[in-house]
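Source file: upload18.cif (mmCIF, C-alpha atoms and all ligand atoms)
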```
data_protein
#
loop_
_atom_site.group_PDB
_atom_site.id
_atom_site.type_symbol
_atom_site.label_atom_id
_atom_site.label_comp_id
_atom_site.auth_asym_id
_atom_site.auth_seq_id
_atom_site.Cartn_x
_atom_site.Cartn_y
_atom_site.Cartn_z
ATOM 1 C CA MET A 1 27.574 -66.289 41.256
ATOM 2 C CA PRO A 2 27.796 -63.496 38.662
ATOM 3 C CA SER A 3 26.892 -64.513 35.154
ATOM 4 C CA PHE A 4 29.099 -62.951 32.498
ATOM 5 C CA VAL A 5 27.459 -64.845 29.661
ATOM 6 C CA ARG A 6 23.898 -64.272 28.494
ATOM 7 C CA VAL A 7 22.202 -66.789 26.213
ATOM 8 C CA GLU A 8 19.008 -66.143 24.259
ATOM 9 C CA MET A 9 17.331 -68.731 22.069
ATOM 10 C CA GLU A 10 15.458 -67.897 18.876
ATOM 11 C CA ASP A 11 14.186 -71.216 17.578
ATOM 12 C CA ARG A 12 17.370 -73.207 16.887
ATOM 13 C CA LEU A 13 19.652 -70.174 17.016
ATOM 14 C CA ALA A 14 21.561 -69.460 20.247
ATOM 15 C CA ILE A 15 22.678 -65.861 20.722
ATOM 16 C CA VAL A 16 25.485 -65.722 23.253
ATOM 17 C CA ALA A 17 26.506 -62.313 24.597
ATOM 18 C CA ILE A 18 29.601 -61.729 26.699
ATOM 19 C CA ASN A 19 28.091 -59.577 29.391
ATOM 20 C CA ARG A 20 30.639 -57.398 31.156
ATOM 21 C CA PRO A 21 29.996 -54.062 29.462
ATOM 22 C CA ASP A 22 31.559 -51.980 32.266
ATOM 23 C CA ALA A 23 34.915 -53.597 31.428
ATOM 24 C CA LEU A 24 34.188 -53.563 27.668
ATOM 25 C CA ASN A 25 33.541 -57.319 28.000
ATOM 26 C CA ALA A 26 37.188 -58.073 28.851
ATOM 27 C CA LEU A 27 37.889 -61.763 29.297
ATOM 28 C CA ASN A 28 38.851 -62.725 32.843
ATOM 29 C CA SER A 29 39.164 -66.342 33.989
ATOM 30 C CA ALA A 30 35.543 -66.464 35.117
ATOM 31 C CA VAL A 31 34.308 -65.279 31.683
ATOM 32 C CA LEU A 32 36.565 -67.781 29.911
ATOM 33 C CA ARG A 33 35.223 -70.587 32.087
ATOM 34 C CA GLU A 34 31.581 -69.592 31.608
ATOM 35 C CA LEU A 35 32.012 -69.172 27.884
ATOM 36 C CA SER A 36 33.689 -72.578 27.495
ATOM 37 C CA MET A 37 30.927 -74.245 29.504
ATOM 38 C CA THR A 38 28.259 -72.437 27.478
ATOM 39 C CA ILE A 39 29.723 -73.503 24.125
ATOM 40 C CA GLU A 40 30.163 -77.075 25.406
ATOM 41 C CA HIS A 41 26.548 -77.112 26.559
ATOM 42 C CA LEU A 42 25.255 -75.686 23.243
ATOM 43 C CA SER A 43 27.373 -78.197 21.294
ATOM 44 C CA MET A 44 25.508 -81.025 22.979
ATOM 45 C CA ALA A 45 22.035 -79.469 22.775
ATOM 46 C CA ALA A 46 20.112 -81.243 20.028
ATOM 47 C CA ASP A 47 17.755 -78.289 19.571
ATOM 48 C CA VAL A 48 20.569 -75.834 18.726
ATOM 49 C CA GLY A 49 21.727 -75.517 15.120
ATOM 50 C CA ALA A 50 23.943 -72.412 15.131
ATOM 51 C CA ILE A 51 25.487 -69.986 17.586
ATOM 52 C CA ILE A 52 26.060 -66.229 17.381
ATOM 53 C CA LEU A 53 28.694 -64.746 19.664
ATOM 54 C CA THR A 54 28.557 -61.036 20.412
ATOM 55 C CA GLY A 55 29.358 -58.484 23.106
ATOM 56 C CA ALA A 56 26.864 -56.809 25.437
ATOM 57 C CA GLY A 57 26.469 -53.048 25.089
ATOM 58 C CA ASP A 58 27.231 -50.958 22.049
ATOM 59 C CA ARG A 59 30.970 -50.350 22.480
ATOM 60 C CA ALA A 60 32.782 -53.646 22.478
ATOM 61 C CA PHE A 61 32.723 -57.203 21.247
ATOM 62 C CA VAL A 62 35.579 -57.933 23.667
ATOM 63 C CA ALA A 63 38.321 -55.387 24.467
ATOM 64 C CA GLY A 64 40.832 -58.099 25.280
ATOM 65 C CA ALA A 65 41.989 -60.356 28.036
ATOM 66 C CA ASP A 66 41.474 -58.714 31.429
ATOM 67 C CA ILE A 67 44.587 -56.616 32.047
ATOM 68 C CA LYS A 68 43.546 -55.947 35.647
ATOM 69 C CA GLU A 69 43.593 -59.703 36.319
ATOM 70 C CA MET A 70 46.753 -60.396 34.292
ATOM 71 C CA VAL A 71 48.835 -57.711 36.006
ATOM 72 C CA GLY A 72 49.058 -59.822 39.166
ATOM 73 C CA LEU A 73 49.693 -63.199 37.535
ATOM 74 C CA SER A 74 52.919 -65.180 37.904
ATOM 75 C CA ALA A 75 54.534 -66.844 34.893
ATOM 76 C CA LEU A 76 52.812 -70.134 35.654
ATOM 77 C CA GLU A 77 49.481 -68.389 36.121
ATOM 78 C CA MET A 78 49.958 -66.567 32.788
ATOM 79 C CA ARG A 79 50.495 -69.955 31.198
ATOM 80 C CA SER A 80 47.297 -71.318 32.799
ATOM 81 C CA PHE A 81 45.410 -68.234 31.634
ATOM 82 C CA SER A 82 46.609 -68.857 28.081
ATOM 83 C CA GLU A 83 45.609 -72.520 28.428
ATOM 84 C CA ALA A 84 42.093 -71.448 29.427
ATOM 85 C CA GLY A 85 41.879 -69.394 26.212
ATOM 86 C CA ARG A 86 43.268 -72.341 24.288
ATOM 87 C CA ARG A 87 40.624 -74.649 25.719
ATOM 88 C CA LEU A 88 37.891 -72.199 24.729
ATOM 89 C CA GLY A 89 39.241 -72.082 21.152
ATOM 90 C CA ASP A 90 39.428 -75.885 21.049
ATOM 91 C CA THR A 91 35.861 -76.158 22.329
ATOM 92 C CA MET A 92 34.673 -73.757 19.616
ATOM 93 C CA ALA A 93 36.535 -75.703 16.920
ATOM 94 C CA ALA A 94 35.140 -79.006 18.156
ATOM 95 C CA CYS A 95 31.595 -77.622 18.386
ATOM 96 C CA ASN A 96 29.555 -79.378 15.708
ATOM 97 C CA LYS A 97 27.576 -76.216 14.928
ATOM 98 C CA PRO A 98 28.739 -73.077 13.136
ATOM 99 C CA ILE A 99 29.694 -70.176 15.391
ATOM 100 C CA LEU A 100 29.260 -66.690 13.923
ATOM 101 C CA ALA A 101 30.897 -63.647 15.489
ATOM 102 C CA ALA A 102 28.813 -60.461 15.411
ATOM 103 C CA ILE A 103 31.594 -57.960 16.084
ATOM 104 C CA ASN A 104 29.796 -54.963 17.541
ATOM 105 C CA GLY A 105 32.763 -52.764 18.518
ATOM 106 C CA TYR A 106 36.276 -53.255 19.869
ATOM 107 C CA ALA A 107 37.681 -56.721 19.181
ATOM 108 C CA LEU A 108 41.146 -56.318 20.620
ATOM 109 C CA GLY A 109 43.670 -58.860 21.843
ATOM 110 C CA GLY A 110 41.695 -61.778 23.256
ATOM 111 C CA GLY A 111 38.612 -60.282 21.572
ATOM 112 C CA CYS A 112 40.182 -60.464 18.138
ATOM 113 C CA GLU A 113 41.367 -63.982 19.012
ATOM 114 C CA LEU A 114 37.870 -64.979 20.096
ATOM 115 C CA ALA A 115 36.522 -63.737 16.750
ATOM 116 C CA LEU A 116 39.298 -65.673 14.983
ATOM 117 C CA ALA A 117 38.154 -68.862 16.714
ATOM 118 C CA CYS A 118 34.649 -68.415 15.241
ATOM 119 C CA ASP A 119 33.716 -69.907 11.862
ATOM 120 C CA ILE A 120 32.369 -66.694 10.304
ATOM 121 C CA ARG A 121 32.899 -63.045 11.293
ATOM 122 C CA ILE A 122 30.464 -60.197 10.536
ATOM 123 C CA ALA A 123 31.537 -56.736 11.699
ATOM 124 C CA SER A 124 29.705 -53.529 12.465
ATOM 125 C CA ASP A 125 31.034 -50.526 10.570
ATOM 126 C CA ARG A 126 32.119 -49.216 13.991
ATOM 127 C CA ALA A 127 34.254 -52.264 14.814
ATOM 128 C CA LYS A 128 37.953 -51.964 15.493
ATOM 129 C CA LEU A 129 40.119 -55.050 15.457
ATOM 130 C CA GLY A 130 43.668 -55.484 16.645
ATOM 131 C CA GLN A 131 46.278 -57.408 18.564
ATOM 132 C CA PRO A 132 47.611 -54.679 20.899
ATOM 133 C CA GLU A 133 49.431 -57.014 23.315
ATOM 134 C CA VAL A 134 52.898 -55.590 22.553
ATOM 135 C CA ASN A 135 51.650 -52.236 23.883
ATOM 136 C CA ILE A 136 51.481 -53.799 27.349
ATOM 137 C CA GLY A 137 54.639 -55.892 27.042
ATOM 138 C CA ILE A 138 53.138 -59.253 26.130
ATOM 139 C CA ILE A 139 52.210 -61.258 23.009
ATOM 140 C CA PRO A 140 48.904 -62.785 21.839
ATOM 141 C CA GLY A 141 48.075 -65.720 24.096
ATOM 142 C CA PHE A 142 44.686 -67.037 22.970
ATOM 143 C CA GLY A 143 45.737 -68.291 19.533
ATOM 144 C CA GLY A 144 46.261 -64.985 17.697
ATOM 145 C CA SER A 145 49.799 -65.714 16.560
ATOM 146 C CA GLN A 146 48.534 -68.904 14.903
ATOM 147 C CA ARG A 147 45.009 -68.179 13.649
ATOM 148 C CA LEU A 148 45.607 -64.617 12.439
ATOM 149 C CA PRO A 149 48.342 -65.481 9.871
ATOM 150 C CA ARG A 150 46.281 -68.447 8.673
ATOM 151 C CA LEU A 151 43.358 -66.130 7.970
ATOM 152 C CA VAL A 152 45.000 -62.944 6.661
ATOM 153 C CA GLY A 153 48.518 -64.069 5.726
ATOM 154 C CA LEU A 154 51.811 -63.536 7.506
ATOM 155 C CA GLY A 155 52.359 -59.958 6.290
ATOM 156 C CA TRP A 156 49.199 -58.435 7.744
ATOM 157 C CA ALA A 157 49.413 -60.610 10.862
ATOM 158 C CA SER A 158 52.983 -59.414 11.435
ATOM 159 C CA GLU A 159 52.023 -55.762 10.990
ATOM 160 C CA MET A 160 49.094 -56.087 13.407
ATOM 161 C CA VAL A 161 51.028 -58.029 16.039
ATOM 162 C CA TYR A 162 54.261 -55.973 15.857
ATOM 163 C CA THR A 163 52.632 -52.517 15.825
ATOM 164 C CA GLY A 164 49.657 -53.294 18.051
ATOM 165 C CA ASP A 165 47.625 -50.896 15.882
ATOM 166 C CA ALA A 166 43.919 -51.584 15.541
ATOM 167 C CA ILE A 167 42.421 -51.645 12.059
ATOM 168 C CA ASP A 168 38.978 -50.391 11.088
ATOM 169 C CA ALA A 169 36.178 -52.625 9.832
ATOM 170 C CA ALA A 170 36.715 -51.749 6.152
ATOM 171 C CA THR A 171 40.382 -52.743 6.341
ATOM 172 C CA ALA A 172 39.451 -55.924 8.197
ATOM 173 C CA GLU A 173 37.067 -56.791 5.365
ATOM 174 C CA ARG A 174 39.670 -56.011 2.699
ATOM 175 C CA ILE A 175 42.272 -58.328 4.245
ATOM 176 C CA GLY A 176 39.760 -61.120 4.886
ATOM 177 C CA LEU A 177 39.741 -60.802 8.667
ATOM 178 C CA VAL A 178 35.957 -60.373 8.565
ATOM 179 C CA ASN A 179 33.556 -61.770 5.989
ATOM 180 C CA ARG A 180 31.675 -58.484 5.653
ATOM 181 C CA VAL A 181 30.887 -55.168 7.256
ATOM 182 C CA VAL A 182 27.333 -53.989 7.898
ATOM 183 C CA PRO A 183 25.861 -50.840 9.459
ATOM 184 C CA ALA A 184 26.044 -51.051 13.269
ATOM 185 C CA GLU A 185 22.275 -50.940 13.708
ATOM 186 C CA ARG A 186 21.824 -53.902 11.338
ATOM 187 C CA LEU A 187 24.634 -56.092 12.694
ATOM 188 C CA LEU A 188 22.600 -58.545 14.714
ATOM 189 C CA GLU A 189 19.825 -58.828 12.115
ATOM 190 C CA GLU A 190 22.313 -59.448 9.278
ATOM 191 C CA THR A 191 24.193 -62.030 11.347
ATOM 192 C CA LYS A 192 20.941 -63.718 12.288
ATOM 193 C CA ALA A 193 19.850 -63.781 8.638
ATOM 194 C CA LEU A 194 23.089 -65.549 7.703
ATOM 195 C CA ALA A 195 22.694 -67.988 10.603
ATOM 196 C CA ARG A 196 19.084 -68.698 9.613
ATOM 197 C CA LYS A 197 20.180 -69.496 6.078
ATOM 198 C CA ILE A 198 22.551 -72.109 7.538
ATOM 199 C CA LEU A 199 19.768 -73.400 9.807
ATOM 200 C CA GLU A 200 17.715 -74.243 6.700
ATOM 201 C CA LYS A 201 20.275 -76.924 5.760
ATOM 202 C CA SER A 202 20.697 -80.448 7.073
ATOM 203 C CA PRO A 203 22.310 -80.226 10.539
ATOM 204 C CA ALA A 204 24.196 -83.450 9.836
ATOM 205 C CA ALA A 205 25.655 -82.025 6.615
ATOM 206 C CA ILE A 206 26.627 -78.760 8.317
ATOM 207 C CA ALA A 207 28.333 -80.610 11.198
ATOM 208 C CA LEU A 208 30.331 -82.756 8.756
ATOM 209 C CA ALA A 209 31.159 -79.737 6.592
ATOM 210 C CA LYS A 210 32.513 -77.920 9.663
ATOM 211 C CA ALA A 211 34.660 -80.918 10.617
ATOM 212 C CA CYS A 212 36.067 -81.029 7.054
ATOM 213 C CA LEU A 213 36.732 -77.281 6.845
ATOM 214 C CA ARG A 214 38.448 -77.328 10.226
ATOM 215 C CA SER A 215 40.641 -80.240 9.135
ATOM 216 C CA ALA A 216 41.711 -78.227 6.066
ATOM 217 C CA LEU A 217 43.824 -75.958 8.249
ATOM 218 C CA GLU A 218 45.243 -78.711 10.385
ATOM 219 C CA MET A 219 46.076 -81.578 8.051
ATOM 220 C CA PRO A 220 48.353 -82.015 5.072
ATOM 221 C CA LEU A 221 46.306 -81.989 1.844
ATOM 222 C CA ALA A 222 46.305 -85.779 1.316
ATOM 223 C CA ALA A 223 45.121 -86.475 4.877
ATOM 224 C CA GLY A 224 42.495 -83.736 4.572
ATOM 225 C CA LEU A 225 41.224 -85.212 1.317
ATOM 226 C CA ASP A 226 41.044 -88.655 2.956
ATOM 227 C CA PHE A 227 39.069 -87.067 5.800
ATOM 228 C CA GLU A 228 36.654 -85.442 3.343
ATOM 229 C CA THR A 229 36.166 -88.721 1.477
ATOM 230 C CA ALA A 230 35.381 -90.533 4.730
ATOM 231 C CA ALA A 231 32.977 -87.758 5.767
ATOM 232 C CA PHE A 232 31.301 -87.971 2.340
ATOM 233 C CA GLY A 233 30.672 -91.658 3.083
ATOM 234 C CA VAL A 234 29.170 -90.754 6.456
ATOM 235 C CA VAL A 235 26.919 -88.059 4.989
ATOM 236 C CA GLY A 236 25.841 -90.663 2.434
ATOM 237 C CA SER A 237 24.476 -92.786 5.281
ATOM 238 C CA THR A 238 22.120 -90.061 6.559
ATOM 239 C CA LYS A 239 18.360 -89.861 6.049
ATOM 240 C CA ASP A 240 18.956 -86.210 5.149
ATOM 241 C CA LYS A 241 20.961 -87.203 2.062
ATOM 242 C CA GLU A 242 18.019 -89.271 0.814
ATOM 243 C CA GLU A 243 15.527 -86.512 1.732
ATOM 244 C CA GLY A 244 17.608 -83.689 0.198
ATOM 245 C CA MET A 245 18.004 -85.491 -3.120
ATOM 246 C CA ARG A 246 14.370 -86.686 -3.264
ATOM 247 C CA ALA A 247 13.165 -83.149 -2.497
ATOM 248 C CA PHE A 248 15.284 -81.774 -5.344
ATOM 249 C CA ILE A 249 13.905 -84.330 -7.787
ATOM 250 C CA GLU A 250 10.329 -83.827 -6.573
ATOM 251 C CA LYS A 251 10.738 -80.014 -6.719
ATOM 252 C CA ARG A 252 9.830 -79.395 -3.057
ATOM 253 C CA LYS A 253 11.564 -78.129 0.081
ATOM 254 C CA PRO A 254 13.347 -80.820 2.097
ATOM 255 C CA THR A 255 12.270 -81.694 5.624
ATOM 256 C CA TRP A 256 15.431 -82.497 7.550
ATOM 257 C CA LYS A 257 15.622 -85.194 10.195
ATOM 258 C CA GLY A 258 19.104 -84.206 11.371
ATOM 259 C CA ALA A 259 20.119 -87.834 11.065
HETATM 260 N N1 LIG A 301 41.096 -55.434 30.592
HETATM 261 C C1 LIG A 301 40.539 -54.895 31.704
HETATM 262 N N2 LIG A 301 39.763 -53.805 31.684
HETATM 263 C C2 LIG A 301 39.546 -53.215 30.493
HETATM 264 C C3 LIG A 301 40.088 -53.715 29.301
HETATM 265 C C4 LIG A 301 40.895 -54.881 29.374
HETATM 266 N N3 LIG A 301 41.420 -55.436 28.289
HETATM 267 N N4 LIG A 301 39.706 -52.909 28.289
HETATM 268 C C5 LIG A 301 38.946 -51.953 28.830
HETATM 269 N N5 LIG A 301 38.849 -52.132 30.170
HETATM 270 C C6 LIG A 301 38.127 -51.311 31.136
HETATM 271 C C7 LIG A 301 38.874 -50.020 31.416
HETATM 272 O O1 LIG A 301 39.900 -50.222 32.357
HETATM 273 C C8 LIG A 301 37.745 -49.149 31.936
HETATM 274 O O2 LIG A 301 37.495 -49.504 33.284
HETATM 275 P P1 LIG A 301 37.357 -48.331 34.424
HETATM 276 O O3 LIG A 301 36.074 -47.634 34.033
HETATM 277 O O4 LIG A 301 37.252 -49.118 35.689
HETATM 278 O O5 LIG A 301 38.561 -47.473 34.308
HETATM 279 C C9 LIG A 301 36.572 -49.580 31.097
HETATM 280 O O6 LIG A 301 36.892 -50.889 30.600
HETATM 281 C C10 LIG A 301 36.293 -48.685 29.908
HETATM 282 O O7 LIG A 301 37.487 -48.569 29.148
HETATM 283 P P2 LIG A 301 38.219 -47.169 28.810
HETATM 284 O O8 LIG A 301 39.664 -47.451 28.597
HETATM 285 O O9 LIG A 301 37.884 -46.154 29.843
HETATM 286 O O10 LIG A 301 37.482 -46.799 27.466
HETATM 287 P P3 LIG A 301 38.076 -45.919 26.264
HETATM 288 O O11 LIG A 301 36.930 -45.639 25.370
HETATM 289 O O12 LIG A 301 38.855 -44.757 26.784
HETATM 290 O O13 LIG A 301 39.109 -46.892 25.501
HETATM 291 C C11 LIG A 301 39.886 -48.973 24.559
HETATM 292 C C12 LIG A 301 38.652 -48.086 24.896
HETATM 293 C C13 LIG A 301 39.334 -50.316 24.083
HETATM 294 C C14 LIG A 301 40.714 -48.309 23.465
HETATM 295 C C15 LIG A 301 40.736 -49.157 25.816
HETATM 296 O O14 LIG A 301 39.899 -49.584 26.868
HETATM 297 C C16 LIG A 301 41.847 -50.151 25.692
HETATM 298 O O15 LIG A 301 42.853 -49.868 25.079
HETATM 299 N N6 LIG A 301 41.672 -51.371 26.275
HETATM 300 C C17 LIG A 301 42.705 -52.375 26.315
HETATM 301 C C18 LIG A 301 42.858 -53.051 24.984
HETATM 302 C C19 LIG A 301 43.950 -54.081 25.055
HETATM 303 O O16 LIG A 301 45.105 -53.782 25.212
HETATM 304 N N7 LIG A 301 43.558 -55.343 24.922
HETATM 305 C C20 LIG A 301 44.461 -56.449 24.871
HETATM 306 C C21 LIG A 301 44.761 -56.940 26.201
HETATM 307 S S1 LIG A 301 45.874 -58.332 26.090
#
```
Represent the structure contained in this file as structure tokens.
Ligand code: COA
Amino acid sequence: MPSFVRVEMEDRLAIVAINRPDALNALNSAVLRELSMTIEHLSMAADVGAIILTGAGDRAFVAGADIKEMVGLSALEMRSFSEAGRRLGDTMAACNKPILAAINGYALGGGCELALACDIRIASDRAKLGQPEVNIGIIPGFGGSQRLPRLVGLGWASEMVYTGDAIDAATAERIGLVNRVVPAERLLEETKALARKILEKSPAAIALAKACLRSALEMPLAAGLDFETAAFGVVGSTKDKEEGMRAFIEKRKPTWKGA
């Protein structure tokens, strides 16, 4: 069975590369399935604290959903294909660890949508991001019409989706589509450095923080605030809360238990 997803571990950091460079890492159903299973697996792995998602090769993060597969799909199959992308996005949102996109080149269509489903996006200065679906007679189907306007506002999302034009990394940074742009040769190191900074914190606190931040986009303010208050109670029950506060008072580095 071909493996389109490569996982490397560096201590508690999982580096996941979509590995189909000949097709610029385009997402077919097999890749979507493997990626969902990988994220699910990493979510449950106690020894993993953060995940970096990137594309194999030096040209593309992901150049979109696989057009060569989609061309032959019926309406119902198109719907199932979109559902597979939806499930992947849901799995990434539900993952109790931060997922950082290291955008190493083209992030088009499903690739831009995959980056949107991550928690943090770092782009190479060679990255190009876009939602070009209208160029091939379709619309975004892996969450782009919903996540893109939430991140960059309706105006920019409309321009990107209606024109299909890709934007460069600097523009993506300016409109908030990526957190920052770094030189291509430093992309992975910079993304790892950010991930390692997160790995220094209490895993329990990070997991609860992610759940709260995710709820911010999905709940009305009052419900979100209730959720945060409840999560604050939960974090108050952890050994890490005690350890973090004692370490501050005793002027030393905390040793997290992750509980
Ligand atoms: N689906 C399937 N195959 C894809 C693909 C996609 N989304 N994107 C690229 N590929 C394949 C190409 O067909 C080509 O395969 P081939 O060598 O068998 O012909 C290979 O990847 C390399 O791509 P190519 O187009 O030759 O590279 P390029 O440098 O000329 O152009 C892009 C790069 C990204 C601009 C161009 O590939 C492109 O526009 N891709 C489609 C982007 C898109 O519309 N995505 C959204 C889909 S919903």
Distance CA of Arg59 (chain A)-CA of Gly105 (chain A), one decimal place?
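About the pair CA of Arg59 (chain A) and CA of Gly105 (chain A): they are 5.0 Å apart.
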Here's the selection I'm unsure about, the PyMOL selection byres (((not hetatm)) within 10 of (chain A and resi 301)); applied to the file above, which residues does it give, as an NGL selection string?
:A and (20-28 or 59-71 or 105-112 or 128-142 or 164 or 166)
Near-Ala195 (chain A) list (9 Å; all atoms listed in the file; drop same-chain fewer than 3 positions) as a CSV table (one decimal) with C-alpha atoms, in the coordinates of the input:
```csv
chain,number,residue,atom,x,y,z
A,13,LEU,CA,19.7,-70.2,17.0
A,49,GLY,CA,21.7,-75.5,15.1
A,50,ALA,CA,23.9,-72.4,15.1
A,51,ILE,CA,25.5,-70.0,17.6
A,52,ILE,CA,26.1,-66.2,17.4
A,98,PRO,CA,28.7,-73.1,13.1
A,99,ILE,CA,29.7,-70.2,15.4
A,100,LEU,CA,29.3,-66.7,13.9
A,190,GLU,CA,22.3,-59.4,9.3
A,191,THR,CA,24.2,-62.0,11.3
A,192,LYS,CA,20.9,-63.7,12.3
A,198,ILE,CA,22.6,-72.1,7.5
A,199,LEU,CA,19.8,-73.4,9.8
A,200,GLU,CA,17.7,-74.2,6.7
```
So what do you get for CA of Ala117 (chain A) versus CA of Leu187 (chain A), distance-wise?
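The value is 19.0 Å.
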Given the choices A:Asn19, A:Ser158, A:Ser3, A:Thr171, which gets closest to Gly57 (chain A) if the distance is worked out from all atoms listed in the file?
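Looking at the shortest contact to Gly57 (chain A), the residue is A:Asn19.
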Name the residues captured by the PyMOL selection byres (((chain A and resi 201-206) around 9) and not hetatm) when it is applied to the shown file; answer as a PyMOL selection string.
chain A and resi 49+96-98+197-200+207-211+235+238+240-241+244+254-259
Please determine, counting only C-alpha atoms, which residue among A:Met78, A:Thr54, A:Arg214, A:Arg87 has the shortest atom-to-atom distance to Asp119 (chain A).
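Of the candidates, the smallest distance to Asp119 (chain A) is held by A:Arg214.
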Near Ser215 (chain A), within 8 Å and counting only C-alpha atoms, which residues show up once chain neighbours fewer than 3 positions away are dropped, as a list of chain:residue names?
A:Ala211, A:Cys212, A:Glu218, A:Met219, A:Gly224, A:Phe227
CA of Val31 (chain A) sits from CA of Ser74 (chain A) at a separation of 19.6 Å
Run through the PyMOL selection byres (((chain A and resi 182) around 6) and not hetatm) on the given coordinates and return the selected residues as a compact mmCIF listing (two decimals) with C-alpha atoms, in the coordinates of the input.
```txt
# COMPACT_ATOMS: atom_id res chain seq x y z
CA SER A 124 29.70 -53.53 12.46
CA ASP A 125 31.03 -50.53 10.57
CA VAL A 181 30.89 -55.17 7.26
CA PRO A 183 25.86 -50.84 9.46
CA LEU A 187 24.63 -56.09 12.69
```
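By chain and then residue number, the residues within 9 Å of Ala84 (chain A) are Ser29, Leu32, Arg33, Ser36, Arg79, Ser80, Phe81, Arg87, Leu88, Gly89 and Phe142 of chain A, counting all atoms listed in the file and disregarding those fewer than 3 positions away in sequence.
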Residues of the last selection are to be written out with C-alpha atoms, as a compact mmCIF listing (two decimals), in the coordinates of the input.
```txt
# COMPACT_ATOMS: atom_id res chain seq x y z
CA SER A 29 39.16 -66.34 33.99
CA LEU A 32 36.56 -67.78 29.91
CA ARG A 33 35.22 -70.59 32.09
CA SER A 36 33.69 -72.58 27.50
CA ARG A 79 50.50 -69.96 31.20
CA SER A 80 47.30 -71.32 32.80
CA PHE A 81 45.41 -68.23 31.63
CA ARG A 87 40.62 -74.65 25.72
CA LEU A 88 37.89 -72.20 24.73
CA GLY A 89 39.24 -72.08 21.15
CA PHE A 142 44.69 -67.04 22.97
```
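For the residues A:His41, A:Arg180, A:Arg126, A:Lys251, ranking by smallest atom-to-atom distance to Leu194 (chain A) using all atoms listed in the file places A:Arg180 first.
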